[in-house]
Amino acid sequence: MECFPQGHMERSLQSQWWSRVQQPGQQGHGHQSLVTSFCLEPHRWSKGGFRCGPSSKSLLHPHTQATMVGLKPPEVPPTAGVKFVSAGLAGCIADLCTFPLDTAKVRLQIQGEVRIPRTVGAVEYRGVFGTLSTMVRMEGPRSLYSGLAAGLQRQMSFASIRIGLYDSVKQLYTPKGAESTGLAPRVLAGCTTGAVAVACAQPTDVVKVRFQANGALLDGARRYSGTVDAYRTIAREEGVRGLWRGTLPNIARNAIINCGELVTYDLIKDALLRAQLMTDNVPCHFVAAFGAGFCATVVASPVDVVKTRYMNAGPGQYRNALSCLLALLMQDGLAGFYKGFVPSFLRLGSWNVVMFVSYEQLQRAAVLACS
């Protein structure tokens with residue numbers, strides 16, 4: 001409900017209110033009497049100022065209102081197409097910012113694998129920053145972004161589907177007439193978009209992991225000269241099925257990650273806005289994304305380790321994803337499932353923050369550009 005009509009009447013009432021507030025000794029009484037006489041709900045307040053309803057304008061002076069960081073939420077919601085493109089671009093921005101951490105995570109996850117024995121000449125990685133410094137020293141700074149082309153290709157298809165279509169699929173699962181979306185439709189939407197995204201983008205993920213793991217081999221054992229050569233070589237030596245190697249563990253991983261990432265982000269953001277602890281701007285998106293990144297890392301790390309090892313494996317090394325899991329369990333125990341946890345969290349946490357903040361801002365910028 002609106003406290004005041006638009007236009008001249010609103011400006012007139014605001015000027016009367018300010019004249020009363022600014023009179024010495026009458027700040028409280030002038031404010032209370034005028035607001036009470038024109039508003040039916042004088043007890044509702046927010047950090048941005050007094051408001052009588054969801055669409056009411058703030059009466060407080062602009063300098064006392066909560067600062068809006070970033071673009072304001074648009075009145076017209078973005079279309080599915082805008083969300084699709086924005087999600088892909090946001091995923092690419094996040095990859096550019098966090099790709100070295102992802103590479104370090106892959107190196108730590110495959111370290112100690114049976115195919116790469118720990119000999120005197122083998123490179124040992126210790127910790128996140130130790131891995132990064134070792135890579136720069138042994139392979140040069142460019143090694144931190146090995147496989148970036150495949151990573152960006154992956155995000156334009158993968159992030160666009162699993163993130164950009166999440167809201168649309170969530171609405172499909174929400175019963176008609178429901179006042180709000182429950183947990184079940186959110187989880188189902190996350191699983192659905194994650195599975196479809198993996199099915200479409202799996203070849204790019206296989207090539208990305210192979211490139212990131214490539215530096216762990218001896219120089220003479222480098223497998224691919226470039227991204228296109230990687231696609232061709234894998235298809236020629238392992239068949240077209242080789243490009244979809246590890247699809248099942250990757251679907252399981254992304255079903256879990258989507259629930260820990262998109263659903264958690266959705267729930268945290270809704271809770272912050274409903275409790276009026278934060279407004280719908282960058283700080284709110286930052287907090288929700290950070291929490292989503294931590295939850296996703298905790299629940300998805302075991303599946304992520306198995307997925308990385310299975311994708312990086314040569315022909316015949318593992319019969320299937322289950323044999324890879326059992327080999328990891330026998331060799332490293334339960335702790336092996338959380339190999340590379342710190343870089344996983346640093347990467348996934350920072351990736352989520354950059355991606356979700358960029359995603360929200362890109363959507364709003366696109367709507368403003370089209371309006």
# chains A, B, ... in the order shown; residues from 1 in each chain; ligands from 1

$ residues_around --residues "Phe129 in chain A" --least-positions-apart "5" --cutoff "9 Å" --atoms "only C-alpha atoms" --output "PyMOL selection string"
chain A and resi 101+104+134+343

$ closest_residue --among "A:Ile163, A:Leu326, A:Pro315, A:Val187" --to "Ile234 in chain A" --atoms "only C-alpha atoms"
A:Pro315

$ residues_around --residues "Cys324 in chain A" --least-positions-apart "6" --cutoff "9 Å" --atoms "only C-alpha atoms" --output "number ranges by chain"
A: 306-307, 309-310, 317-318

$ residues_around --residues "range 321-323 of chain A" --least-positions-apart "4" --cutoff "7 Å" --atoms "only C-alpha atoms" --output "ChimeraX atom specification"
/A:246,249,310,327

$ atom_distance --atom1 "CA of Thr131 in chain A" --atom2 "CA of Gln109 in chain A"
11.5 Å

$ residues_around --residues "Lys105 in chain A" --least-positions-apart "2" --cutoff "12 Å" --atoms "only C-alpha atoms" --output "number ranges by chain"
A: 98-103, 107-111, 125-132, 144, 209, 212-213, 297, 301, 304-305, 308-309, 338-348

$ write_last_selection --atoms "N, CA and C atoms" --output "CSV table (one decimal), in the first residue's frame"
chain,number,residue,atom,x,y,z
A,98,THR,N,39.2,-17.1,-10.9
A,98,THR,CA,39.5,-18.2,-10.0
A,98,THR,C,40.1,-19.4,-10.6
A,99,PHE,N,40.5,-19.3,-11.9
A,99,PHE,CA,41.0,-20.5,-12.6
A,99,PHE,C,42.3,-21.1,-12.0
A,100,PRO,N,43.2,-20.3,-11.6
A,100,PRO,CA,44.4,-20.8,-10.9
A,100,PRO,C,44.1,-21.7,-9.7
A,101,LEU,N,43.1,-21.3,-8.9
A,101,LEU,CA,42.7,-22.1,-7.8
A,101,LEU,C,42.1,-23.4,-8.2
A,102,ASP,N,41.4,-23.4,-9.3
A,102,ASP,CA,40.8,-24.7,-9.8
A,102,ASP,C,41.9,-25.6,-10.3
A,103,THR,N,42.9,-25.0,-11.0
A,103,THR,CA,44.0,-25.8,-11.5
A,103,THR,C,44.8,-26.5,-10.3
A,107,ARG,N,45.4,-30.5,-9.5
A,107,ARG,CA,46.7,-31.1,-9.2
A,107,ARG,C,46.8,-31.8,-7.9
A,108,LEU,N,46.2,-31.2,-6.9
A,108,LEU,CA,46.2,-31.9,-5.5
A,108,LEU,C,45.3,-33.1,-5.5
A,109,GLN,N,44.2,-33.1,-6.3
A,109,GLN,CA,43.3,-34.2,-6.3
A,109,GLN,C,43.9,-35.5,-7.0
A,110,ILE,N,44.7,-35.2,-8.0
A,110,ILE,CA,45.3,-36.4,-8.8
A,110,ILE,C,46.6,-36.8,-8.2
A,111,GLN,N,47.2,-36.0,-7.3
A,111,GLN,CA,48.5,-36.3,-6.7
A,111,GLN,C,48.4,-37.7,-6.0
A,125,TYR,N,53.2,-31.6,-4.6
A,125,TYR,CA,52.5,-30.4,-4.3
A,125,TYR,C,52.1,-30.4,-2.9
A,126,ARG,N,52.3,-29.2,-2.2
A,126,ARG,CA,52.0,-29.1,-0.8
A,126,ARG,C,51.2,-27.8,-0.6
A,127,GLY,N,49.9,-28.0,-0.3
A,127,GLY,CA,49.0,-26.9,0.0
A,127,GLY,C,48.7,-26.1,-1.3
A,128,VAL,N,47.7,-25.2,-1.1
A,128,VAL,CA,47.2,-24.4,-2.2
A,128,VAL,C,48.3,-23.5,-2.8
A,129,PHE,N,48.9,-22.6,-1.9
A,129,PHE,CA,49.8,-21.7,-2.4
A,129,PHE,C,51.2,-22.3,-2.8
A,130,GLY,N,51.5,-23.4,-2.1
A,130,GLY,CA,52.7,-24.2,-2.5
A,130,GLY,C,52.5,-24.8,-3.9
A,131,THR,N,51.3,-25.3,-4.2
A,131,THR,CA,51.1,-25.8,-5.5
A,131,THR,C,51.2,-24.7,-6.6
A,132,LEU,N,50.6,-23.6,-6.3
A,132,LEU,CA,50.6,-22.5,-7.3
A,132,LEU,C,52.1,-22.0,-7.5
A,144,LEU,N,49.2,-21.7,-14.9
A,144,LEU,CA,48.0,-21.5,-14.0
A,144,LEU,C,46.7,-21.4,-14.8
A,209,VAL,N,39.9,-30.7,-17.6
A,209,VAL,CA,40.6,-31.4,-16.6
A,209,VAL,C,41.9,-32.0,-17.1
A,212,GLN,N,44.5,-29.3,-17.3
A,212,GLN,CA,44.9,-28.8,-16.0
A,212,GLN,C,45.8,-29.9,-15.3
A,213,ALA,N,45.6,-31.1,-15.6
A,213,ALA,CA,46.4,-32.2,-15.1
A,213,ALA,C,47.7,-32.5,-15.9
A,297,THR,N,31.0,-27.1,-1.3
A,297,THR,CA,32.3,-27.7,-1.1
A,297,THR,C,32.2,-28.9,-0.2
A,301,SER,N,32.7,-32.5,-2.3
A,301,SER,CA,34.2,-32.8,-2.4
A,301,SER,C,34.4,-34.2,-2.7
A,304,ASP,N,33.7,-34.9,-6.3
A,304,ASP,CA,34.5,-34.1,-7.1
A,304,ASP,C,35.9,-34.8,-7.3
A,305,VAL,N,36.4,-35.4,-6.2
A,305,VAL,CA,37.7,-36.0,-6.3
A,305,VAL,C,37.6,-37.2,-7.3
A,308,THR,N,37.3,-36.1,-10.9
A,308,THR,CA,38.6,-35.6,-11.5
A,308,THR,C,39.5,-36.7,-11.8
A,309,ARG,N,39.6,-37.7,-10.9
A,309,ARG,CA,40.5,-38.8,-11.2
A,309,ARG,C,40.0,-39.6,-12.4
A,338,TYR,N,38.6,-36.0,0.5
A,338,TYR,CA,38.7,-34.6,0.8
A,338,TYR,C,40.1,-34.0,0.4
A,339,LYS,N,40.7,-34.7,-0.5
A,339,LYS,CA,42.0,-34.1,-1.1
A,339,LYS,C,41.7,-32.9,-1.8
A,340,GLY,N,42.5,-31.9,-1.6
A,340,GLY,CA,42.3,-30.6,-2.2
A,340,GLY,C,41.1,-29.8,-1.7
A,341,PHE,N,40.7,-30.1,-0.4
A,341,PHE,CA,39.5,-29.4,0.1
A,341,PHE,C,39.7,-27.9,0.2
A,342,VAL,N,40.8,-27.5,0.7
A,342,VAL,CA,41.1,-26.1,0.9
A,342,VAL,C,41.1,-25.3,-0.4
A,343,PRO,N,41.8,-25.8,-1.5
A,343,PRO,CA,41.7,-25.1,-2.8
A,343,PRO,C,40.3,-25.2,-3.4
A,344,SER,N,39.6,-26.4,-3.1
A,344,SER,CA,38.2,-26.5,-3.6
A,344,SER,C,37.3,-25.4,-3.0
A,345,PHE,N,37.5,-25.2,-1.6
A,345,PHE,CA,36.7,-24.2,-1.0
A,345,PHE,C,37.1,-22.8,-1.4
A,346,LEU,N,38.4,-22.5,-1.5
A,346,LEU,CA,38.8,-21.2,-1.9
A,346,LEU,C,38.3,-20.9,-3.3
A,347,ARG,N,38.4,-22.0,-4.2
A,347,ARG,CA,37.9,-21.8,-5.5
A,347,ARG,C,36.4,-21.7,-5.6
A,348,LEU,N,35.7,-22.6,-5.0
A,348,LEU,CA,34.2,-22.6,-5.1
A,348,LEU,C,33.6,-21.5,-4.4

$ select_by_dssp --residues "range 141-365 of chain A" --states "helix (DSSP H, G or I)" --output "ChimeraX atom specification"
/A:141-145,148-162,166-173,183-214,219-221,227-238,240-243,247-274,282-312,321-332,334-338,341-365

$ decode --residues "range 130-145 of chain A" --atoms "all heavy atoms" --output "CSV table (one decimal), in the first residue's frame"
chain,number,residue,atom,x,y,z
A,130,GLY,N,51.5,-23.4,-2.1
A,130,GLY,CA,52.7,-24.2,-2.5
A,130,GLY,C,52.5,-24.8,-3.9
A,130,GLY,O,53.5,-24.8,-4.7
A,131,THR,N,51.3,-25.3,-4.2
A,131,THR,CA,51.1,-25.8,-5.5
A,131,THR,C,51.2,-24.7,-6.6
A,131,THR,O,51.8,-24.9,-7.6
A,131,THR,CB,49.6,-26.4,-5.6
A,131,THR,OG1,49.5,-27.5,-4.6
A,131,THR,CG2,49.3,-27.0,-6.9
A,132,LEU,N,50.6,-23.6,-6.3
A,132,LEU,CA,50.6,-22.5,-7.3
A,132,LEU,C,52.1,-22.0,-7.5
A,132,LEU,O,52.5,-21.8,-8.6
A,132,LEU,CB,49.8,-21.3,-6.8
A,132,LEU,CG,48.3,-21.6,-6.7
A,132,LEU,CD1,47.6,-20.4,-6.1
A,132,LEU,CD2,47.7,-21.9,-8.1
A,133,SER,N,52.9,-21.9,-6.4
A,133,SER,CA,54.3,-21.4,-6.5
A,133,SER,C,55.1,-22.4,-7.3
A,133,SER,O,56.0,-22.1,-8.1
A,133,SER,CB,54.8,-21.1,-5.2
A,133,SER,OG,54.9,-22.2,-4.4
A,134,THR,N,54.8,-23.7,-7.0
A,134,THR,CA,55.6,-24.8,-7.7
A,134,THR,C,55.3,-24.8,-9.2
A,134,THR,O,56.2,-25.0,-10.0
A,134,THR,CB,55.2,-26.2,-7.1
A,134,THR,OG1,55.6,-26.2,-5.7
A,134,THR,CG2,56.0,-27.3,-7.8
A,135,MET,N,54.0,-24.6,-9.5
A,135,MET,CA,53.6,-24.6,-10.9
A,135,MET,C,54.3,-23.4,-11.6
A,135,MET,O,54.8,-23.6,-12.8
A,135,MET,CB,52.1,-24.5,-11.1
A,135,MET,CG,51.4,-25.7,-10.7
A,135,MET,SD,49.6,-25.5,-10.7
A,135,MET,CE,49.3,-25.1,-12.4
A,136,VAL,N,54.3,-22.2,-11.0
A,136,VAL,CA,54.9,-21.1,-11.6
A,136,VAL,C,56.4,-21.3,-11.8
A,136,VAL,O,57.0,-21.0,-12.8
A,136,VAL,CB,54.7,-19.8,-10.8
A,136,VAL,CG1,55.5,-18.6,-11.3
A,136,VAL,CG2,53.2,-19.5,-10.8
A,137,ARG,N,57.1,-21.9,-10.8
A,137,ARG,CA,58.5,-22.1,-10.8
A,137,ARG,C,58.9,-23.2,-11.8
A,137,ARG,O,59.9,-23.0,-12.6
A,137,ARG,CB,59.0,-22.5,-9.4
A,137,ARG,CG,60.5,-22.6,-9.3
A,137,ARG,CD,61.0,-22.9,-7.9
A,137,ARG,NE,60.5,-24.2,-7.5
A,137,ARG,CZ,59.6,-24.4,-6.6
A,137,ARG,NH1,58.9,-23.4,-6.1
A,137,ARG,NH2,59.3,-25.7,-6.2
A,138,MET,N,58.1,-24.3,-11.9
A,138,MET,CA,58.5,-25.4,-12.8
A,138,MET,C,58.0,-25.2,-14.2
A,138,MET,O,58.6,-25.7,-15.1
A,138,MET,CB,57.9,-26.7,-12.2
A,138,MET,CG,58.5,-27.0,-10.8
A,138,MET,SD,60.2,-27.4,-10.7
A,138,MET,CE,60.2,-29.0,-11.5
A,139,GLU,N,56.8,-24.6,-14.3
A,139,GLU,CA,56.1,-24.6,-15.7
A,139,GLU,C,55.9,-23.2,-16.2
A,139,GLU,O,55.4,-23.1,-17.4
A,139,GLU,CB,54.8,-25.4,-15.6
A,139,GLU,CG,54.9,-26.8,-15.0
A,139,GLU,CD,53.6,-27.3,-14.7
A,139,GLU,OE1,52.6,-27.1,-15.5
A,139,GLU,OE2,53.4,-28.0,-13.6
A,140,GLY,N,56.1,-22.2,-15.4
A,140,GLY,CA,55.8,-20.8,-15.8
A,140,GLY,C,54.4,-20.3,-15.5
A,140,GLY,O,53.5,-21.2,-15.2
A,141,PRO,N,54.2,-19.0,-15.4
A,141,PRO,CA,52.9,-18.5,-15.0
A,141,PRO,C,51.8,-18.9,-15.9
A,141,PRO,O,50.6,-19.0,-15.4
A,141,PRO,CB,53.1,-17.0,-15.1
A,141,PRO,CG,54.6,-16.8,-15.1
A,141,PRO,CD,55.2,-18.0,-15.7
A,142,ARG,N,52.0,-19.2,-17.2
A,142,ARG,CA,50.9,-19.6,-18.1
A,142,ARG,C,50.3,-20.9,-17.7
A,142,ARG,O,49.1,-21.2,-18.0
A,142,ARG,CB,51.4,-19.7,-19.5
A,142,ARG,CG,51.9,-18.3,-20.1
A,142,ARG,CD,52.3,-18.5,-21.6
A,142,ARG,NE,51.2,-19.0,-22.4
A,142,ARG,CZ,51.4,-19.3,-23.7
A,142,ARG,NH1,52.5,-19.1,-24.3
A,142,ARG,NH2,50.3,-19.7,-24.4
A,143,SER,N,51.0,-21.7,-16.9
A,143,SER,CA,50.5,-23.0,-16.5
A,143,SER,C,49.3,-22.9,-15.6
A,143,SER,O,48.4,-23.8,-15.5
A,143,SER,CB,51.5,-23.8,-15.8
A,143,SER,OG,51.9,-23.2,-14.6
A,144,LEU,N,49.2,-21.7,-14.9
A,144,LEU,CA,48.0,-21.5,-14.0
A,144,LEU,C,46.7,-21.4,-14.8
A,144,LEU,O,45.6,-21.7,-14.2
A,144,LEU,CB,48.2,-20.2,-13.2
A,144,LEU,CG,49.4,-20.2,-12.3
A,144,LEU,CD1,49.5,-18.8,-11.6
A,144,LEU,CD2,49.4,-21.3,-11.3
A,145,TYR,N,46.8,-21.1,-16.1
A,145,TYR,CA,45.6,-20.9,-16.9
A,145,TYR,C,45.6,-22.0,-18.0
A,145,TYR,O,44.9,-21.8,-19.0
A,145,TYR,CB,45.5,-19.5,-17.5
A,145,TYR,CG,45.1,-18.5,-16.5
A,145,TYR,CD1,46.0,-17.8,-15.7
A,145,TYR,CD2,43.7,-18.2,-16.3
A,145,TYR,CE1,45.6,-16.9,-14.7
A,145,TYR,CE2,43.3,-17.3,-15.4
A,145,TYR,CZ,44.2,-16.6,-14.6
A,145,TYR,OH,43.8,-15.7,-13.6
